[in-house]
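Raw entry_29.txt, compact mmCIF, C-alpha atoms:
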```txt
# COMPACT_ATOMS: atom_id res chain seq x y z
CA MET A 38 -56.79 -19.29 43.63
CA ASN A 39 -55.39 -17.42 46.62
CA PRO A 40 -53.10 -14.39 46.47
CA PRO A 41 -49.43 -15.18 47.21
CA LEU A 42 -48.30 -15.77 50.79
CA LEU A 43 -45.41 -13.44 51.62
CA MET A 44 -43.32 -14.50 54.61
CA TRP A 45 -41.63 -11.42 56.04
CA ASP A 46 -38.49 -11.35 58.13
CA ILE A 47 -39.03 -8.84 60.93
CA ASP A 48 -35.63 -7.50 61.94
CA ASP A 49 -33.91 -5.37 59.29
CA VAL A 50 -36.85 -5.78 56.90
CA LEU A 51 -40.00 -4.51 58.61
CA ASN A 52 -37.80 -2.48 60.95
CA ASP A 53 -34.17 -1.31 61.07
CA LEU A 54 -32.92 -3.28 64.07
CA ILE A 55 -29.20 -3.08 63.31
CA GLY A 56 -29.53 0.67 62.83
CA LEU A 57 -31.31 0.90 66.18
CA CYS A 58 -28.72 -1.32 67.88
CA THR A 59 -25.91 0.76 66.39
CA VAL A 60 -27.18 4.02 67.91
CA THR A 61 -28.13 2.48 71.28
CA THR A 62 -26.59 -0.62 72.86
CA ALA A 63 -23.57 -0.83 70.49
CA GLN A 64 -22.37 2.62 71.61
CA LYS A 65 -20.96 1.02 74.77
CA LEU A 66 -18.50 -0.97 72.66
CA CYS A 67 -18.01 1.42 69.80
CA PRO A 68 -18.78 5.05 70.75
CA GLY A 69 -19.69 7.25 67.81
CA ILE A 70 -20.45 4.48 65.33
CA LYS A 71 -23.29 5.32 62.92
CA PRO A 72 -25.75 3.10 61.01
CA GLU A 73 -24.12 4.06 57.70
CA ASP A 74 -20.84 2.52 58.99
CA ILE A 75 -22.42 -0.96 58.99
CA LYS A 76 -21.60 -3.02 55.90
CA SER A 77 -21.94 -6.59 57.17
CA ASN A 78 -24.36 -8.69 59.21
CA PRO A 79 -23.46 -9.60 61.84
CA PRO A 80 -21.34 -6.43 62.11
CA LEU A 81 -18.59 -8.03 64.22
CA ARG A 82 -15.79 -6.13 62.50
CA GLU A 83 -17.61 -2.80 62.69
CA TYR A 84 -18.51 -3.26 66.36
CA GLY A 85 -15.15 -4.84 67.21
CA CYS A 86 -16.75 -7.65 69.18
CA SER A 87 -17.29 -11.41 69.29
CA ARG A 88 -20.46 -13.09 68.01
CA GLU A 89 -21.58 -13.71 71.60
CA GLU A 90 -21.10 -10.04 72.50
CA TYR A 91 -23.02 -8.99 69.38
CA LEU A 92 -25.95 -11.29 70.17
CA GLN A 93 -26.10 -9.84 73.68
CA LEU A 94 -26.11 -6.27 72.27
CA LEU A 95 -28.89 -7.26 69.87
CA ASP A 96 -30.96 -8.96 72.57
CA ASN A 97 -30.52 -5.95 74.87
CA CYS A 98 -31.62 -3.66 72.05
CA ARG A 99 -34.74 -5.75 71.36
CA ALA A 100 -35.59 -5.82 75.06
CA GLN A 101 -35.01 -2.10 75.74
CA TYR A 102 -35.77 -0.25 72.51
CA LEU A 103 -37.74 -2.36 70.01
CA TYR A 104 -41.12 -1.35 71.42
CA SER A 105 -40.49 2.29 70.44
CA GLN A 106 -38.94 1.50 67.04
CA PRO A 107 -41.22 2.53 64.15
CA PRO A 108 -41.57 0.39 61.04
CA ARG A 109 -39.66 1.38 57.93
CA ARG A 110 -41.63 4.12 56.17
CA GLU A 111 -41.26 2.49 52.74
CA VAL A 112 -42.51 -0.86 54.03
CA MET A 113 -45.53 0.69 55.72
CA ALA A 114 -46.36 2.62 52.55
CA PHE A 115 -46.11 -0.60 50.53
CA PHE A 116 -48.51 -2.39 52.87
CA GLN A 117 -50.93 0.54 52.84
CA GLU A 118 -51.11 0.51 49.04
CA TRP A 119 -50.61 -3.17 48.21
CA GLY A 120 -51.34 -5.06 51.45
CA ASN A 121 -54.68 -6.37 50.19
CA CYS A 122 -52.96 -8.02 47.18
CA PHE A 123 -51.16 -10.73 49.16
CA ARG A 124 -51.40 -12.72 52.36
CA SER A 125 -48.73 -12.21 55.01
CA VAL A 126 -47.07 -13.88 57.96
CA THR A 127 -43.81 -12.98 59.61
CA LEU A 128 -40.99 -15.49 59.85
CA SER A 129 -38.34 -14.51 62.36
CA SER A 130 -35.29 -16.07 63.98
CA ALA A 131 -35.46 -13.88 67.08
CA PRO A 132 -34.54 -15.79 70.27
CA MET A 133 -37.34 -17.01 72.53
CA THR A 134 -36.45 -14.41 75.16
CA THR A 135 -37.46 -11.54 72.84
CA ALA A 136 -39.92 -13.29 70.49
CA PRO A 137 -43.02 -12.10 72.45
CA ARG A 138 -41.90 -8.48 72.11
CA SER A 139 -41.27 -8.96 68.37
CA ALA A 140 -44.72 -10.50 67.88
CA GLU A 141 -46.35 -7.66 69.79
CA TRP A 142 -44.46 -5.11 67.70
CA VAL A 143 -45.66 -6.75 64.46
CA LEU A 144 -49.30 -6.88 65.55
CA ARG A 145 -49.23 -3.30 66.79
CA HIS A 146 -47.87 -1.91 63.52
CA PHE A 147 -48.96 -4.43 60.87
CA GLY A 148 -51.96 -6.14 62.48
CA ALA A 149 -54.28 -4.94 59.71
CA TRP A 150 -52.38 -7.25 57.33
CA ILE A 151 -50.35 -9.67 59.47
CA GLN A 152 -52.06 -11.75 62.14
CA SER A 153 -49.60 -14.65 62.35
CA THR A 154 -45.98 -14.66 63.46
CA LEU A 155 -43.76 -17.73 63.10
CA PHE A 156 -40.40 -18.15 64.81
CA VAL A 157 -37.45 -20.41 64.11
CA PRO A 158 -35.75 -19.40 67.37
CA SER A 159 -32.13 -18.33 67.28
CA PRO A 160 -30.30 -20.43 69.90
CA ARG A 161 -29.09 -18.96 73.16
CA LYS A 162 -27.04 -20.78 75.79
CA THR A 163 -29.47 -19.94 78.58
CA VAL A 164 -32.66 -20.98 76.75
CA THR A 165 -33.84 -24.49 75.89
CA VAL A 166 -36.32 -24.90 73.05
CA ARG A 167 -37.98 -28.29 73.55
CA SER A 168 -39.91 -28.46 70.31
CA CYS A 169 -39.74 -26.48 67.09
CA CYS A 170 -42.33 -26.44 64.33
CA PHE A 171 -39.71 -25.83 61.62
CA ALA A 172 -35.98 -26.56 61.61
CA SER A 173 -35.17 -23.57 59.40
CA LYS A 174 -36.75 -20.67 57.58
CA ALA A 175 -36.46 -22.66 54.35
CA ASP A 176 -38.48 -25.51 55.90
CA ALA A 177 -41.22 -23.07 56.88
CA VAL A 178 -41.34 -21.38 53.48
CA LEU A 179 -41.55 -24.69 51.62
CA ALA A 180 -44.09 -26.22 54.02
CA LEU A 181 -46.43 -23.25 53.63
CA ASP A 182 -45.72 -22.67 49.92
CA GLY A 183 -44.73 -19.12 50.77
CA ILE A 184 -42.37 -16.52 49.37
CA LEU A 185 -39.61 -15.31 51.68
CA ILE A 186 -38.64 -11.63 52.00
CA ASP A 187 -35.40 -11.58 54.04
CA ASP A 188 -32.26 -9.47 54.30
CA MET A 189 -29.92 -12.38 55.03
CA PRO A 190 -28.44 -13.99 51.89
CA VAL A 191 -28.05 -17.40 53.55
CA ASN A 192 -31.80 -17.64 54.23
CA VAL A 193 -32.69 -16.56 50.70
CA GLU A 194 -30.17 -18.96 49.15
CA LYS A 195 -31.43 -21.95 51.16
CA VAL A 196 -35.00 -21.33 50.02
CA ARG A 197 -33.90 -20.97 46.40
CA GLU A 198 -31.72 -24.09 46.58
CA ALA A 199 -34.71 -26.06 47.86
CA GLY A 200 -36.83 -24.92 44.91
CA GLY A 201 -38.74 -22.15 46.68
CA LYS A 202 -39.05 -18.46 45.94
CA ALA A 203 -37.23 -15.83 47.99
CA PHE A 204 -36.19 -12.20 47.60
CA CYS A 205 -33.32 -10.31 49.26
CA PHE A 206 -34.60 -7.17 50.92
CA PRO A 207 -32.08 -4.37 50.24
CA ALA A 208 -29.29 -4.14 52.82
CA PRO A 209 -25.57 -3.29 52.67
CA TRP A 210 -24.72 -6.98 53.23
CA ASN A 211 -26.63 -8.56 50.34
CA GLU A 212 -27.01 -8.67 46.55
CA ASN A 213 -29.53 -5.80 46.52
CA ARG A 214 -27.30 -3.31 48.34
CA ASN A 215 -27.53 -0.82 45.45
CA ILE A 216 -31.31 -1.03 45.01
CA SER A 217 -33.62 1.36 46.85
CA ILE A 218 -36.41 -0.13 48.95
CA ASN A 219 -39.00 1.50 46.68
CA ASP A 220 -37.37 0.02 43.57
CA PHE A 221 -37.26 -3.37 45.31
CA PHE A 222 -41.01 -3.17 45.89
CA SER A 223 -41.65 -2.06 42.30
CA ASN A 224 -39.76 -5.14 41.08
CA LEU A 225 -41.64 -7.35 43.55
CA ILE A 226 -45.01 -6.05 42.33
CA LYS A 227 -44.07 -6.93 38.74
CA GLU A 228 -42.46 -10.28 39.57
CA LEU A 229 -45.44 -11.50 41.61
CA GLU A 230 -48.04 -9.82 39.36
CA LEU A 231 -49.65 -8.26 42.41
CA SER A 232 -51.72 -5.85 40.32
CA LYS A 233 -54.11 -8.66 39.38
CA TRP A 234 -55.12 -8.85 43.07
CA LYS A 235 -55.64 -5.09 43.39
CA LYS A 236 -59.15 -4.24 44.67
```
Show this structure as structure tokens.
Amino acid sequence: MNPPLLMWDIDDVLNDLIGLCTVTTAQKLCPGIKPEDIKSNPPLREYGCSREEYLQLLDNCRAQYLYSQPPRREVMAFFQEWGNCFRSVTLSSAPMTTAPRSAEWVLRHFGAWIQSTLFVPSPRKTVTVRSCCFASKADAVLALDGILIDDMPVNVEKVREAGGKAFCFPAPWNENRNISINDFFSNLIKELELSKWKK
């Protein structure tokens, strides 16, 4: 029997992309806004912009600043202590234009545990995706019998509705907004009985 396969969202789980976007590219639209001001995702109301403008801010942030963004400290600590108790891949919906940079970022920081990155590309008007391995994150999770860790409620709900297992990583826009990241991981360890894989 193999340890569980955890399928990690990259942006706003392994890193804090919206926080980074808020203090960099979003300042052009909303000077002075701070990460703690963000309560929704996408933060259209907080940024005062359209969805298209937000996606452009996000893509610009990935292109200009993601390479220097460190992983979340709590996530890195979890991998360092428990990373040998589960298998991991990342499952991202980054657009094709920034997917290579995201994959490089993952391998650079988490390559000791994560050697495979899957993408269900987020559509962009200027990019044509001619073939896609999975139609949605839920399709990928079910096909690989994985367990999704994602900050977006819609992704978690779709996996659960299809009979799969998924957990909402704490964020102001989801059901775990009042749970610390460390408490989330403590609950995950118990729920998945990771201690039986501890070496």
Residues near segment 149-157 of chain A, cut-off 7 Å, only C-alpha atoms, skip fewer than 4 positions along chain, as a short mmCIF file (atom, residue, chain, number, x, y, z; two decimals) with C-alpha atoms, in the coordinates of the input:
```cif
data_model
loop_
_atom_site.label_atom_id
_atom_site.label_comp_id
_atom_site.auth_asym_id
_atom_site.auth_seq_id
_atom_site.Cartn_x
_atom_site.Cartn_y
_atom_site.Cartn_z
CA GLY A 120 -51.34 -5.06 51.45
CA SER A 125 -48.73 -12.21 55.01
CA VAL A 126 -47.07 -13.88 57.96
CA THR A 127 -43.81 -12.98 59.61
CA LEU A 128 -40.99 -15.49 59.85
CA SER A 129 -38.34 -14.51 62.36
CA SER A 130 -35.29 -16.07 63.98
CA ALA A 131 -35.46 -13.88 67.08
CA ALA A 140 -44.72 -10.50 67.88
CA LEU A 144 -49.30 -6.88 65.55
CA PHE A 171 -39.71 -25.83 61.62
CA ALA A 172 -35.98 -26.56 61.61
CA SER A 173 -35.17 -23.57 59.40
CA LYS A 174 -36.75 -20.67 57.58
#
```
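Across the model, the gap from atom CA of Leu51 of chain A to atom CA of Ile218 of chain A is 11.2 Å.
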> Expressed in Å to a single decimal, how great is the separation between atom CA of Glu118 of chain A and atom CA of Ile184 of chain A?
Replying inline: 19.1 Å
>> Please list as a PyMOL selection string every residue within 9 Å of Leu54 of chain A, counting all atoms listed in the file and excluding residues in the same chain fewer than 6 positions away.
In response: chain A and resi 47-48+95+98-99+103+106
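Counting all atoms listed in the file, segment 220-230 of chain A has the following residues at most 10 Å away, ignoring those fewer than 3 positions along the same chain: Pro40, Pro41, Glu111, Val112, Phe115, Trp119, Cys122, Phe123, Ile184, Ile186, Phe204, Cys205, Phe206, Pro207, Asn213, Ile216, Ser217, Lys233, Trp234 and Lys235 of chain A.
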>> Rounded to one decimal, what separation in Å do you get between atom CA of Lys195 of chain A and atom CA of Cys170 of chain A?
In response: 17.7 Å
>> Here is a test: counting only C-alpha atoms, which residue of A:Thr62, A:Asn121, A:Asn192, A:Ser105 is nearest to Ala177 of chain A?
In response: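 Of the candidates, the smallest distance to Ala177 of chain A is held by A:Asn192.
If you measure from each of A:Arg145, A:Glu73, A:Phe116, A:Lys202 to Asn219 of chain A using only C-alpha atoms, the closest one turns out to be A:Phe116.
Take the candidates A:Ala136, A:Ala199, A:Met189, A:Ile70 and check each one against Asp176 of chain A using all atoms listed in the file; the shortest distance goes to A:Ala199.
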